[in-house]
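Asks: My file is run-v3.txt. It has compact mmCIF, N, CA and C atoms and all ligand atoms:
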# COMPACT_ATOMS: atom_id res chain seq x y z
N MET A 1 -8.74 -18.55 16.43
CA MET A 1 -9.10 -17.15 16.17
C MET A 1 -10.32 -17.08 15.26
N ARG A 2 -11.20 -16.15 15.54
CA ARG A 2 -12.34 -15.91 14.66
C ARG A 2 -11.80 -15.44 13.31
N ARG A 3 -12.29 -16.10 12.27
CA ARG A 3 -11.88 -15.73 10.91
C ARG A 3 -13.01 -14.96 10.24
N LEU A 4 -12.68 -13.97 9.48
CA LEU A 4 -13.70 -13.23 8.73
C LEU A 4 -14.23 -14.12 7.61
N PRO A 5 -15.47 -13.90 7.19
CA PRO A 5 -16.04 -14.70 6.10
C PRO A 5 -15.28 -14.51 4.79
N LYS A 6 -15.56 -15.39 3.84
CA LYS A 6 -14.89 -15.35 2.55
C LYS A 6 -14.96 -13.96 1.92
N LEU A 7 -13.89 -13.56 1.26
CA LEU A 7 -13.87 -12.25 0.61
C LEU A 7 -14.85 -12.21 -0.56
N PRO A 8 -15.51 -11.07 -0.78
CA PRO A 8 -16.37 -10.92 -1.96
C PRO A 8 -15.52 -10.90 -3.24
N GLY A 9 -16.15 -11.16 -4.35
CA GLY A 9 -15.47 -11.06 -5.64
C GLY A 9 -14.60 -12.26 -5.96
N THR A 10 -13.66 -12.06 -6.86
CA THR A 10 -12.80 -13.16 -7.30
C THR A 10 -11.34 -12.83 -7.05
N LEU A 11 -10.55 -13.90 -6.91
CA LEU A 11 -9.12 -13.73 -6.60
C LEU A 11 -8.40 -12.98 -7.72
N PHE A 12 -7.67 -11.95 -7.32
CA PHE A 12 -6.83 -11.21 -8.27
C PHE A 12 -5.38 -11.69 -8.14
N GLU A 13 -4.87 -11.64 -6.93
CA GLU A 13 -3.52 -12.18 -6.67
C GLU A 13 -3.34 -12.47 -5.19
N ARG A 14 -2.37 -13.36 -4.92
CA ARG A 14 -2.01 -13.69 -3.56
C ARG A 14 -0.52 -13.39 -3.39
N HIS A 15 -0.16 -12.79 -2.29
CA HIS A 15 1.25 -12.44 -2.04
C HIS A 15 1.66 -12.89 -0.65
N GLU A 16 2.94 -13.24 -0.54
CA GLU A 16 3.50 -13.46 0.80
C GLU A 16 4.45 -12.34 1.10
N ILE A 17 4.33 -11.79 2.29
CA ILE A 17 5.18 -10.67 2.68
C ILE A 17 6.17 -11.16 3.73
N THR A 18 7.40 -11.29 3.30
CA THR A 18 8.44 -11.74 4.24
C THR A 18 9.61 -10.78 4.31
N VAL A 19 9.77 -9.95 3.27
CA VAL A 19 10.82 -8.91 3.29
C VAL A 19 10.22 -7.60 2.78
N GLU A 20 10.92 -6.53 3.06
CA GLU A 20 10.46 -5.18 2.70
C GLU A 20 10.01 -5.07 1.23
N ALA A 21 10.77 -5.69 0.32
CA ALA A 21 10.45 -5.57 -1.11
C ALA A 21 9.08 -6.18 -1.44
N ASP A 22 8.64 -7.14 -0.62
CA ASP A 22 7.33 -7.75 -0.85
C ASP A 22 6.20 -6.74 -0.63
N ILE A 23 6.42 -5.79 0.28
CA ILE A 23 5.42 -4.76 0.54
C ILE A 23 5.18 -3.97 -0.73
N PHE A 24 6.28 -3.60 -1.38
CA PHE A 24 6.19 -2.82 -2.61
C PHE A 24 5.44 -3.60 -3.69
N ARG A 25 5.80 -4.89 -3.86
CA ARG A 25 5.14 -5.70 -4.89
C ARG A 25 3.65 -5.86 -4.62
N ALA A 26 3.31 -6.10 -3.36
CA ALA A 26 1.89 -6.31 -3.02
C ALA A 26 1.10 -5.02 -3.21
N ARG A 27 1.71 -3.88 -2.86
CA ARG A 27 0.96 -2.63 -3.02
C ARG A 27 0.80 -2.29 -4.50
N GLN A 28 1.80 -2.64 -5.32
CA GLN A 28 1.68 -2.45 -6.77
C GLN A 28 0.50 -3.26 -7.31
N THR A 29 0.36 -4.47 -6.79
CA THR A 29 -0.73 -5.34 -7.25
C THR A 29 -2.09 -4.74 -6.89
N VAL A 30 -2.18 -4.17 -5.69
CA VAL A 30 -3.44 -3.51 -5.30
C VAL A 30 -3.73 -2.37 -6.28
N GLY A 31 -2.70 -1.65 -6.67
CA GLY A 31 -2.86 -0.59 -7.66
C GLY A 31 -3.35 -1.13 -9.00
N ARG A 32 -2.79 -2.28 -9.41
CA ARG A 32 -3.23 -2.88 -10.68
C ARG A 32 -4.67 -3.38 -10.61
N ALA A 33 -5.05 -3.87 -9.44
CA ALA A 33 -6.44 -4.31 -9.26
C ALA A 33 -7.38 -3.11 -9.39
N MET A 34 -6.98 -1.98 -8.82
CA MET A 34 -7.80 -0.76 -8.96
C MET A 34 -7.83 -0.30 -10.42
N ASP A 35 -6.69 -0.42 -11.11
CA ASP A 35 -6.65 -0.07 -12.54
C ASP A 35 -7.61 -0.95 -13.35
N ALA A 36 -7.66 -2.23 -12.97
CA ALA A 36 -8.54 -3.17 -13.69
C ALA A 36 -10.00 -2.73 -13.58
N LEU A 37 -10.33 -2.03 -12.49
CA LEU A 37 -11.70 -1.53 -12.30
C LEU A 37 -11.81 -0.08 -12.75
N GLU A 38 -10.77 0.41 -13.40
CA GLU A 38 -10.74 1.79 -13.91
C GLU A 38 -10.99 2.82 -12.82
N ALA A 39 -10.29 2.61 -11.71
CA ALA A 39 -10.45 3.52 -10.57
C ALA A 39 -9.86 4.89 -10.88
N LYS A 40 -10.46 5.89 -10.25
CA LYS A 40 -9.87 7.23 -10.31
C LYS A 40 -8.55 7.21 -9.54
N VAL A 41 -7.60 8.03 -9.99
CA VAL A 41 -6.26 8.05 -9.39
C VAL A 41 -6.32 8.31 -7.88
N ILE A 42 -7.17 9.22 -7.46
CA ILE A 42 -7.26 9.57 -6.04
C ILE A 42 -7.70 8.37 -5.21
N ARG A 43 -8.64 7.59 -5.75
CA ARG A 43 -9.15 6.42 -5.02
C ARG A 43 -8.10 5.32 -4.96
N LYS A 44 -7.40 5.15 -6.05
CA LYS A 44 -6.33 4.17 -6.09
C LYS A 44 -5.24 4.54 -5.08
N THR A 45 -4.87 5.81 -5.06
CA THR A 45 -3.81 6.27 -4.16
C THR A 45 -4.21 6.06 -2.70
N ARG A 46 -5.47 6.36 -2.40
CA ARG A 46 -5.95 6.18 -1.01
C ARG A 46 -5.81 4.73 -0.58
N LEU A 47 -6.27 3.81 -1.43
CA LEU A 47 -6.24 2.40 -1.04
C LEU A 47 -4.81 1.87 -0.95
N VAL A 48 -3.98 2.27 -1.91
CA VAL A 48 -2.59 1.81 -1.91
C VAL A 48 -1.86 2.32 -0.65
N THR A 49 -2.16 3.55 -0.26
CA THR A 49 -1.56 4.10 0.96
C THR A 49 -2.03 3.32 2.18
N ALA A 50 -3.33 3.02 2.22
CA ALA A 50 -3.89 2.27 3.36
C ALA A 50 -3.26 0.88 3.47
N VAL A 51 -3.19 0.15 2.36
CA VAL A 51 -2.66 -1.21 2.44
C VAL A 51 -1.17 -1.21 2.80
N SER A 52 -0.46 -0.18 2.37
CA SER A 52 0.97 -0.11 2.70
C SER A 52 1.18 -0.15 4.20
N GLU A 53 0.36 0.58 4.93
CA GLU A 53 0.45 0.61 6.39
C GLU A 53 0.18 -0.77 6.99
N ILE A 54 -0.85 -1.42 6.43
CA ILE A 54 -1.25 -2.73 6.96
C ILE A 54 -0.20 -3.80 6.63
N PHE A 55 0.33 -3.74 5.40
CA PHE A 55 1.36 -4.72 5.01
C PHE A 55 2.61 -4.54 5.87
N ARG A 56 2.97 -3.27 6.13
CA ARG A 56 4.17 -3.01 6.93
C ARG A 56 3.97 -3.52 8.36
N ASN A 57 2.79 -3.28 8.92
CA ASN A 57 2.50 -3.82 10.25
C ASN A 57 2.62 -5.35 10.26
N GLY A 58 2.07 -5.96 9.19
CA GLY A 58 2.12 -7.42 9.09
C GLY A 58 3.54 -7.95 9.07
N LEU A 59 4.42 -7.20 8.42
CA LEU A 59 5.82 -7.61 8.37
C LEU A 59 6.52 -7.34 9.71
N ILE A 60 6.36 -6.11 10.21
CA ILE A 60 7.11 -5.71 11.41
C ILE A 60 6.59 -6.42 12.66
N TYR A 61 5.29 -6.32 12.89
CA TYR A 61 4.72 -6.86 14.14
C TYR A 61 4.30 -8.32 13.99
N GLY A 62 3.78 -8.66 12.80
CA GLY A 62 3.29 -10.02 12.58
C GLY A 62 4.39 -11.00 12.19
N GLY A 63 5.57 -10.47 11.86
CA GLY A 63 6.67 -11.33 11.44
C GLY A 63 6.50 -11.88 10.04
N GLY A 64 5.63 -11.25 9.27
CA GLY A 64 5.34 -11.70 7.90
C GLY A 64 3.84 -11.90 7.75
N ALA A 65 3.36 -11.85 6.52
CA ALA A 65 1.91 -11.91 6.32
C ALA A 65 1.58 -12.55 4.98
N VAL A 66 0.36 -13.06 4.90
CA VAL A 66 -0.18 -13.53 3.62
C VAL A 66 -1.26 -12.55 3.19
N VAL A 67 -1.17 -12.10 1.96
CA VAL A 67 -2.08 -11.09 1.45
C VAL A 67 -2.91 -11.68 0.31
N ILE A 68 -4.21 -11.55 0.43
CA ILE A 68 -5.13 -11.99 -0.63
C ILE A 68 -5.84 -10.76 -1.19
N ILE A 69 -5.80 -10.62 -2.49
CA ILE A 69 -6.41 -9.46 -3.13
C ILE A 69 -7.54 -9.94 -4.05
N HIS A 70 -8.73 -9.43 -3.81
CA HIS A 70 -9.89 -9.79 -4.63
C HIS A 70 -10.43 -8.57 -5.36
N CYS A 71 -10.99 -8.80 -6.54
CA CYS A 71 -11.71 -7.77 -7.28
C CYS A 71 -13.19 -8.14 -7.31
N ASP A 72 -14.02 -7.19 -6.98
CA ASP A 72 -15.46 -7.40 -7.13
C ASP A 72 -15.96 -6.44 -8.22
N GLU A 73 -16.13 -6.98 -9.39
CA GLU A 73 -16.47 -6.14 -10.54
C GLU A 73 -17.89 -5.59 -10.43
N ASP A 74 -18.79 -6.34 -9.80
CA ASP A 74 -20.18 -5.88 -9.68
C ASP A 74 -20.25 -4.63 -8.80
N ASP A 75 -19.56 -4.70 -7.66
CA ASP A 75 -19.56 -3.57 -6.72
C ASP A 75 -18.46 -2.55 -7.02
N ARG A 76 -17.58 -2.90 -7.94
CA ARG A 76 -16.40 -2.07 -8.26
C ARG A 76 -15.57 -1.80 -7.00
N MET A 77 -15.28 -2.90 -6.30
CA MET A 77 -14.48 -2.81 -5.08
C MET A 77 -13.27 -3.72 -5.17
N VAL A 78 -12.16 -3.25 -4.60
CA VAL A 78 -11.00 -4.11 -4.41
C VAL A 78 -10.91 -4.43 -2.93
N TRP A 79 -10.84 -5.74 -2.63
CA TRP A 79 -10.80 -6.22 -1.24
C TRP A 79 -9.43 -6.81 -0.94
N ILE A 80 -8.95 -6.56 0.24
CA ILE A 80 -7.64 -7.08 0.64
C ILE A 80 -7.72 -7.69 2.04
N ASP A 81 -7.22 -8.91 2.16
CA ASP A 81 -7.02 -9.53 3.45
C ASP A 81 -5.53 -9.64 3.72
N CYS A 82 -5.11 -9.24 4.91
CA CYS A 82 -3.70 -9.36 5.30
C CYS A 82 -3.68 -10.12 6.62
N ARG A 83 -3.13 -11.34 6.58
CA ARG A 83 -3.20 -12.24 7.74
C ARG A 83 -1.80 -12.59 8.22
N ASP A 84 -1.60 -12.51 9.52
CA ASP A 84 -0.31 -12.95 10.06
C ASP A 84 -0.54 -13.87 11.24
N THR A 85 0.50 -14.57 11.61
CA THR A 85 0.42 -15.47 12.76
C THR A 85 1.36 -14.97 13.86
N GLY A 86 1.39 -13.65 14.01
CA GLY A 86 2.24 -13.02 15.01
C GLY A 86 1.59 -12.99 16.39
N PRO A 87 2.05 -12.08 17.24
CA PRO A 87 1.61 -12.05 18.64
C PRO A 87 0.18 -11.56 18.85
N GLY A 88 -0.42 -10.96 17.80
CA GLY A 88 -1.78 -10.45 17.94
C GLY A 88 -1.82 -9.12 18.67
N ILE A 89 -3.01 -8.56 18.77
CA ILE A 89 -3.20 -7.25 19.39
C ILE A 89 -4.08 -7.42 20.63
N VAL A 90 -3.52 -7.08 21.78
CA VAL A 90 -4.24 -7.29 23.05
C VAL A 90 -5.33 -6.23 23.23
N ASP A 91 -4.96 -4.97 23.06
CA ASP A 91 -5.93 -3.88 23.26
C ASP A 91 -6.19 -3.21 21.91
N MET A 92 -7.28 -3.62 21.26
CA MET A 92 -7.56 -3.15 19.90
C MET A 92 -7.87 -1.66 19.87
N GLU A 93 -8.62 -1.20 20.86
CA GLU A 93 -9.00 0.22 20.89
C GLU A 93 -7.74 1.09 20.98
N LEU A 94 -6.84 0.66 21.83
CA LEU A 94 -5.58 1.39 22.00
C LEU A 94 -4.77 1.37 20.71
N ALA A 95 -4.68 0.19 20.09
CA ALA A 95 -3.88 0.06 18.87
C ALA A 95 -4.42 0.94 17.75
N LEU A 96 -5.75 1.10 17.71
CA LEU A 96 -6.36 1.89 16.64
C LEU A 96 -6.27 3.39 16.90
N SER A 97 -6.00 3.77 18.14
CA SER A 97 -5.98 5.20 18.44
C SER A 97 -4.70 5.84 17.91
N ASP A 98 -4.85 7.05 17.39
CA ASP A 98 -3.70 7.74 16.81
C ASP A 98 -2.68 8.07 17.88
N GLY A 99 -1.45 7.76 17.58
CA GLY A 99 -0.36 8.12 18.49
C GLY A 99 0.14 6.96 19.32
N TYR A 100 -0.63 5.84 19.35
CA TYR A 100 -0.13 4.69 20.11
C TYR A 100 0.77 3.83 19.24
N THR A 101 1.96 3.57 19.72
CA THR A 101 2.87 2.64 19.05
C THR A 101 3.59 1.81 20.09
N SER A 102 3.81 0.54 19.75
CA SER A 102 4.62 -0.29 20.66
C SER A 102 6.01 -0.43 20.08
N GLY A 103 6.20 0.12 18.88
CA GLY A 103 7.46 -0.15 18.19
C GLY A 103 8.25 1.06 17.78
N GLY A 104 7.96 2.21 18.36
CA GLY A 104 8.73 3.40 18.01
C GLY A 104 8.33 4.02 16.68
N GLY A 105 7.11 3.71 16.21
CA GLY A 105 6.59 4.36 15.00
C GLY A 105 5.85 5.63 15.39
N LEU A 106 5.02 6.09 14.47
CA LEU A 106 4.21 7.28 14.77
C LEU A 106 2.87 6.88 15.38
N GLY A 107 2.53 5.62 15.25
CA GLY A 107 1.25 5.17 15.79
C GLY A 107 0.06 5.67 15.00
N ARG A 108 0.26 5.91 13.73
CA ARG A 108 -0.82 6.47 12.91
C ARG A 108 -1.24 5.51 11.80
N GLY A 109 -0.59 4.36 11.71
CA GLY A 109 -0.84 3.45 10.60
C GLY A 109 -2.25 2.89 10.57
N LEU A 110 -2.68 2.30 11.67
CA LEU A 110 -3.99 1.65 11.69
C LEU A 110 -5.12 2.66 11.53
N GLY A 111 -5.06 3.74 12.31
CA GLY A 111 -6.10 4.77 12.22
C GLY A 111 -6.15 5.38 10.84
N GLY A 112 -4.98 5.64 10.28
CA GLY A 112 -4.90 6.22 8.94
C GLY A 112 -5.48 5.28 7.90
N ALA A 113 -5.12 4.00 7.98
CA ALA A 113 -5.61 3.01 7.02
C ALA A 113 -7.13 2.90 7.09
N LYS A 114 -7.65 2.95 8.31
CA LYS A 114 -9.10 2.86 8.48
C LYS A 114 -9.80 4.05 7.83
N ARG A 115 -9.25 5.22 8.03
CA ARG A 115 -9.85 6.43 7.44
C ARG A 115 -9.77 6.44 5.92
N LEU A 116 -8.73 5.83 5.37
CA LEU A 116 -8.53 5.86 3.92
C LEU A 116 -9.32 4.77 3.19
N SER A 117 -9.86 3.81 3.94
CA SER A 117 -10.56 2.69 3.32
C SER A 117 -12.06 2.91 3.32
N ASP A 118 -12.75 2.25 2.40
CA ASP A 118 -14.21 2.28 2.39
C ASP A 118 -14.77 1.19 3.29
N GLU A 119 -14.02 0.12 3.48
CA GLU A 119 -14.39 -0.94 4.42
C GLU A 119 -13.14 -1.26 5.22
N PHE A 120 -13.31 -1.51 6.51
CA PHE A 120 -12.15 -1.83 7.33
C PHE A 120 -12.59 -2.70 8.49
N GLU A 121 -11.94 -3.83 8.67
CA GLU A 121 -12.27 -4.72 9.77
C GLU A 121 -10.99 -5.40 10.23
N ILE A 122 -10.89 -5.60 11.53
CA ILE A 122 -9.68 -6.24 12.02
C ILE A 122 -10.07 -7.21 13.14
N VAL A 123 -9.54 -8.42 13.05
CA VAL A 123 -9.74 -9.39 14.12
C VAL A 123 -8.36 -9.90 14.55
N SER A 124 -8.21 -10.10 15.83
CA SER A 124 -6.91 -10.49 16.33
C SER A 124 -7.08 -11.28 17.61
N GLU A 125 -6.16 -12.20 17.81
CA GLU A 125 -6.18 -12.96 19.06
C GLU A 125 -4.74 -13.06 19.56
N PRO A 126 -4.53 -12.62 20.80
CA PRO A 126 -3.17 -12.67 21.34
C PRO A 126 -2.59 -14.08 21.26
N GLY A 127 -1.39 -14.18 20.76
CA GLY A 127 -0.72 -15.47 20.64
C GLY A 127 -1.10 -16.26 19.40
N VAL A 128 -2.08 -15.78 18.66
CA VAL A 128 -2.55 -16.51 17.48
C VAL A 128 -2.29 -15.73 16.18
N GLY A 129 -2.68 -14.48 16.16
CA GLY A 129 -2.42 -13.69 14.97
C GLY A 129 -3.43 -12.59 14.74
N THR A 130 -3.32 -12.00 13.57
CA THR A 130 -4.14 -10.83 13.24
C THR A 130 -4.58 -10.93 11.79
N GLN A 131 -5.85 -10.59 11.55
CA GLN A 131 -6.37 -10.51 10.19
C GLN A 131 -6.96 -9.12 9.98
N VAL A 132 -6.45 -8.42 8.98
CA VAL A 132 -6.98 -7.10 8.65
C VAL A 132 -7.62 -7.20 7.27
N ARG A 133 -8.84 -6.71 7.17
CA ARG A 133 -9.55 -6.70 5.88
C ARG A 133 -9.90 -5.27 5.53
N LEU A 134 -9.56 -4.87 4.35
CA LEU A 134 -9.97 -3.54 3.93
C LEU A 134 -10.37 -3.54 2.45
N ALA A 135 -11.12 -2.55 2.08
CA ALA A 135 -11.58 -2.45 0.71
C ALA A 135 -11.69 -1.00 0.28
N GLY A 136 -11.52 -0.81 -1.01
CA GLY A 136 -11.69 0.51 -1.58
C GLY A 136 -12.56 0.43 -2.81
N ARG A 137 -13.41 1.42 -2.96
CA ARG A 137 -14.28 1.49 -4.14
C ARG A 137 -13.52 2.18 -5.27
N ALA A 138 -13.63 1.62 -6.47
CA ALA A 138 -12.90 2.20 -7.60
C ALA A 138 -13.53 3.52 -8.05
N1 LIG B 201 -0.28 -7.13 12.67
C1 LIG B 201 -0.05 -6.72 13.92
N2 LIG B 201 0.29 -7.63 14.88
C2 LIG B 201 0.51 -7.24 16.15
N3 LIG B 201 0.44 -5.95 16.58
C3 LIG B 201 0.11 -5.02 15.67
C4 LIG B 201 -0.15 -5.34 14.30
N4 LIG B 201 -0.46 -4.20 13.65
C5 LIG B 201 -0.41 -3.22 14.55
N5 LIG B 201 -0.06 -3.69 15.77
C6 LIG B 201 0.07 -2.92 17.03
O1 LIG B 201 -0.68 -1.73 16.91
C7 LIG B 201 0.17 -0.61 17.12
C8 LIG B 201 -0.31 0.55 16.28
O2 LIG B 201 -0.10 0.27 14.90
P1 LIG B 201 0.06 1.49 13.89
O3 LIG B 201 0.33 0.96 12.54
O4 LIG B 201 -1.11 2.40 14.09
O5 LIG B 201 1.34 2.25 14.47
P2 LIG B 201 2.88 1.88 14.33
O6 LIG B 201 3.07 0.78 13.34
O7 LIG B 201 3.39 1.63 15.71
O8 LIG B 201 3.48 3.22 13.77
P3 LIG B 201 3.33 3.79 12.27
O9 LIG B 201 2.63 5.10 12.40
O10 LIG B 201 4.73 3.90 11.79
O11 LIG B 201 2.51 2.81 11.47
C9 LIG B 201 1.57 -1.09 16.80
O12 LIG B 201 2.56 -0.32 17.44
C10 LIG B 201 1.51 -2.53 17.32
O13 LIG B 201 1.68 -2.55 18.72
MG MG B 202 2.20 0.78 11.47
Reformat the file's structure so that it appears as structure tokens.
Ligand SMILES: Nc1ncnc2c1ncn2[C@@H]1O[C@H](COP(=O)(O)OP(=O)(O)OP(=O)(O)O)[C@@H](O)[C@H]1O
Ligand SMILES: [Mg+2]
Replies:
Amino acid sequence: MRRLPKLPGTLFERHEITVEADIFRARQTVGRAMDALEAKVIRKTRLVTAVSEIFRNGLIYGGGAVVIIHCDEDDRMVWIDCRDTGPGIVDMELALSDGYTSGGGLGRGLGGAKRLSDEFEIVSEPGVGTQVRLAGRA
């Protein structure tokens, strides 16, 4: 699978998401990373909401995920990579469109996360996995 280039900034924390409670811990950490950059509450809330959707997808569809959180103090950005080795996404355009779900959800997670982020990129290969990268400006 094509891998995205190295994340900007420096490592803040790394999390493994294997159970529901891990989603909460990882999203808290994203919030703390935004706090470290003295982010406005609205910006922090947007990014935390976006990553929650991505982490949940990683758990539900990816069967678990590894999350890397970076802080870029120069750009005042928090970057997040969420990688899984699940079944991947065959039709990316369809998956990103609002209302499409393969799992009985609302189908709004990916589109919503993209709209809430300042940077958003996703690469996936069927049978190999999915990598979602997003960032929010503090
Ligand atoms: N990490 C992933 N691995 C494989 N498929 C994924 C992954 N993330 C998303 N998908 C696919 O993309 C679809 C759309 O995802 P999206 O998050 O937008 O909606 P949803 O999870 O189905 O519903 P919800 O609105 O509750 O998030 C999913 O139903 C699933 O088929
Ligand atoms: Mg979802």
Asks: Do you know which residues are at most 6.5 Å from stretch 41-46 of chain A counting all atoms listed in the file, after dropping those on the same chain fewer than 6 positions away, and could you put them as a PDB file with N, CA and C atoms, in the frame of the given file?
Replies:
ATOM      1  N   GLY A  31      -2.700  -1.650  -6.670  1.00  0.00           N
ATOM      2  CA  GLY A  31      -2.860  -0.590  -7.660  1.00  0.00           C
ATOM      3  C   GLY A  31      -3.350  -1.130  -9.000  1.00  0.00           C
ATOM      4  N   MET A  34      -6.980  -1.980  -8.820  1.00  0.00           N
ATOM      5  CA  MET A  34      -7.800  -0.760  -8.960  1.00  0.00           C
ATOM      6  C   MET A  34      -7.830  -0.300 -10.420  1.00  0.00           C
ATOM      7  N   LEU A 116      -8.730   5.830   5.370  1.00  0.00           N
ATOM      8  CA  LEU A 116      -8.530   5.860   3.920  1.00  0.00           C
ATOM      9  C   LEU A 116      -9.320   4.770   3.190  1.00  0.00           C
ATOM     10  N   SER A 117      -9.860   3.810   3.940  1.00  0.00           N
ATOM     11  CA  SER A 117     -10.560   2.690   3.320  1.00  0.00           C
ATOM     12  C   SER A 117     -12.060   2.910   3.320  1.00  0.00           C
ATOM     13  N   ARG A 137     -13.410   1.420  -2.960  1.00  0.00           N
ATOM     14  CA  ARG A 137     -14.280   1.490  -4.140  1.00  0.00           C
ATOM     15  C   ARG A 137     -13.520   2.180  -5.270  1.00  0.00           C
ATOM     16  N   ALA A 138     -13.630   1.620  -6.470  1.00  0.00           N
ATOM     17  CA  ALA A 138     -12.900   2.200  -7.600  1.00  0.00           C
ATOM     18  C   ALA A 138     -13.530   3.520  -8.050  1.00  0.00           C
TER      19      ALA A 138
END
Asks: Taking only N, CA and C atoms and all ligand atoms into account, report as a list in words which residues have an atom no farther than 6.5 Å from an atom of ligand MG 202 (chain B).
Replies: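 Based on only N, CA and C atoms and all ligand atoms, ligand MG 202 (chain B) is surrounded within 6.5 Å by Glu53, Ile54, Arg56, Asn57, Gly107, Arg108, Gly109 and Leu110 of chain A.
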Asks: Work out how far atom CA of A:Phe24 is from atom CA of A:Asp98, in Å to one decimal.
Replies: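 One can read the atom CA of A:Asp98 to atom CA of A:Phe24 distance as 24.2 Å.
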Asks: Let me make sure I understand: among A:Pro5, A:Gly105, A:Gly127, A:Gly64, which one has the smallest atom-to-atom distance to ligand LIG 201 (chain B) if we use only C-alpha atoms and all ligand atoms?
Replies: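 Of the candidates, the smallest distance to ligand LIG 201 (chain B) is held by A:Gly105.
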Asks: Taking (-14.0, -15.7, 10.8) in the file's own coordinates, collect the residues within 12 Å, counting only C-alpha atoms, and hand them back as a ChimeraX atom specification.
Replies: /A:1-7,81,83,121-125,130-133
Asks: Which residue gives the smallest distance to ligand LIG 201 (chain B) among A:Ala135, A:Met92, A:Leu47, A:Val67, with all atoms listed in the file counted?
Replies: A:Met92
Asks: Would you please give, as a ChimeraX atom specification, all residues of chain A that DSSP assigns to strand (DSSP E) based on the backbone?
Replies: /A:10-17,65-72,77-84,119-125,129-137
Asks: State, in Å with one decimal place, the distance from atom C of A:Glu93 to atom O11 of ligand LIG 201 (chain B).
Replies: 14.1 Å
Asks: One decimal, in Å: what's the spacing between atom CA of A:Thr85 and atom CA of A:Arg32?
Replies: 26.9 Å
Asks: Give me the chain A side of the contact with ligand LIG 201 (chain B), cut-off 6.5 Å, one line per residue showing its nearest atom pair and distance in Å at one decimal, counting all atoms listed in the file, sorted by chain and residue number, as JSON lines.
Replies:
{"residue": "A:Glu53", "atom": "C", "partner": "B:LIG201", "partner_atom": "O3", "distance": 5.8}
{"residue": "A:Asn57", "atom": "C", "partner": "B:LIG201", "partner_atom": "N1", "distance": 4.2}
{"residue": "A:Gly58", "atom": "CA", "partner": "B:LIG201", "partner_atom": "N1", "distance": 4.3}
{"residue": "A:Leu59", "atom": "N", "partner": "B:LIG201", "partner_atom": "N1", "distance": 6.3}
{"residue": "A:Tyr61", "atom": "C", "partner": "B:LIG201", "partner_atom": "N2", "distance": 4.2}
{"residue": "A:Gly62", "atom": "N", "partner": "B:LIG201", "partner_atom": "N2", "distance": 4.2}
{"residue": "A:Asp84", "atom": "N", "partner": "B:LIG201", "partner_atom": "N1", "distance": 6.4}
{"residue": "A:Gly86", "atom": "C", "partner": "B:LIG201", "partner_atom": "N2", "distance": 5.7}
{"residue": "A:Pro87", "atom": "C", "partner": "B:LIG201", "partner_atom": "C2", "distance": 5.1}
{"residue": "A:Gly88", "atom": "C", "partner": "B:LIG201", "partner_atom": "C2", "distance": 3.9}
{"residue": "A:Ile89", "atom": "N", "partner": "B:LIG201", "partner_atom": "C2", "distance": 4.6}
{"residue": "A:Leu94", "atom": "C", "partner": "B:LIG201", "partner_atom": "C8", "distance": 6.3}
{"residue": "A:Ala95", "atom": "CA", "partner": "B:LIG201", "partner_atom": "O1", "distance": 4.2}
{"residue": "A:Leu96", "atom": "N", "partner": "B:LIG201", "partner_atom": "C8", "distance": 5.7}
{"residue": "A:Ser97", "atom": "C", "partner": "B:LIG201", "partner_atom": "O4", "distance": 6.3}
{"residue": "A:Gly99", "atom": "N", "partner": "B:LIG201", "partner_atom": "O4", "distance": 6.4}
{"residue": "A:Tyr100", "atom": "C", "partner": "B:LIG201", "partner_atom": "C8", "distance": 4.5}
{"residue": "A:Thr101", "atom": "CA", "partner": "B:LIG201", "partner_atom": "O12", "distance": 3.4}
{"residue": "A:Ser102", "atom": "N", "partner": "B:LIG201", "partner_atom": "O12", "distance": 2.8}
{"residue": "A:Gly103", "atom": "N", "partner": "B:LIG201", "partner_atom": "O12", "distance": 3.9}
{"residue": "A:Gly104", "atom": "N", "partner": "B:LIG201", "partner_atom": "O7", "distance": 5.3}
{"residue": "A:Gly105", "atom": "CA", "partner": "B:LIG201", "partner_atom": "O8", "distance": 3.5}
{"residue": "A:Leu106", "atom": "N", "partner": "B:LIG201", "partner_atom": "O9", "distance": 3.3}
{"residue": "A:Gly107", "atom": "N", "partner": "B:LIG201", "partner_atom": "O9", "distance": 2.9}
{"residue": "A:Arg108", "atom": "N", "partner": "B:LIG201", "partner_atom": "O9", "distance": 2.8}
{"residue": "A:Gly109", "atom": "N", "partner": "B:LIG201", "partner_atom": "O4", "distance": 3.1}
{"residue": "A:Leu110", "atom": "N", "partner": "B:LIG201", "partner_atom": "O4", "distance": 2.9}
{"residue": "A:Gly111", "atom": "N", "partner": "B:LIG201", "partner_atom": "O4", "distance": 4.5}
{"residue": "A:Gly112", "atom": "N", "partner": "B:LIG201", "partner_atom": "O4", "distance": 6.3}
{"residue": "A:Gly129", "atom": "C", "partner": "B:LIG201", "partner_atom": "N2", "distance": 6.2}
{"residue": "A:Thr130", "atom": "CA", "partner": "B:LIG201", "partner_atom": "N1", "distance": 5.4}
Asks: With DSSP run on the backbone, what are the helix (DSSP H, G or I) residues within stretch 24-134 of chain A? I'd like them as number ranges by chain.
Replies: A: 24-36, 41-60, 92-96, 109-116
Asks: Go through A:Trp79, A:Pro126, A:Phe55, A:Ala113 and flag the residue nearest A:Arg25, using only C-alpha atoms for the distances.
Replies: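 Looking only at the distances to A:Arg25, the closest residue turns out to be A:Phe55.
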Asks: Given all atoms listed in the file as the basis, pick out the residue of A:Ile68, A:Asp118, A:Asp74, A:Val48 nearest to A:Glu13.
Replies: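 Under the stated criterion, the closest residue is A:Ile68.
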Asks: Would you please work out which residue, of A:Leu11, A:Ala26, A:Val90, A:Val19, is nearest to A:Val51 when using all atoms listed in the file?
Replies: A:Ala26
Asks: Taking all listed atoms of stretch 3-13 of chain A, build the axis-aligned box, pad each of the six sides by 8 Å, then write its centre and edge lengths in Å to one decimal as lines of an AutoDock Vina configuration file.
Replies:
center_x = -9.9
center_y = -13.5
center_z = 2.0
size_x = 29.0
size_y = 21.2
size_z = 36.5
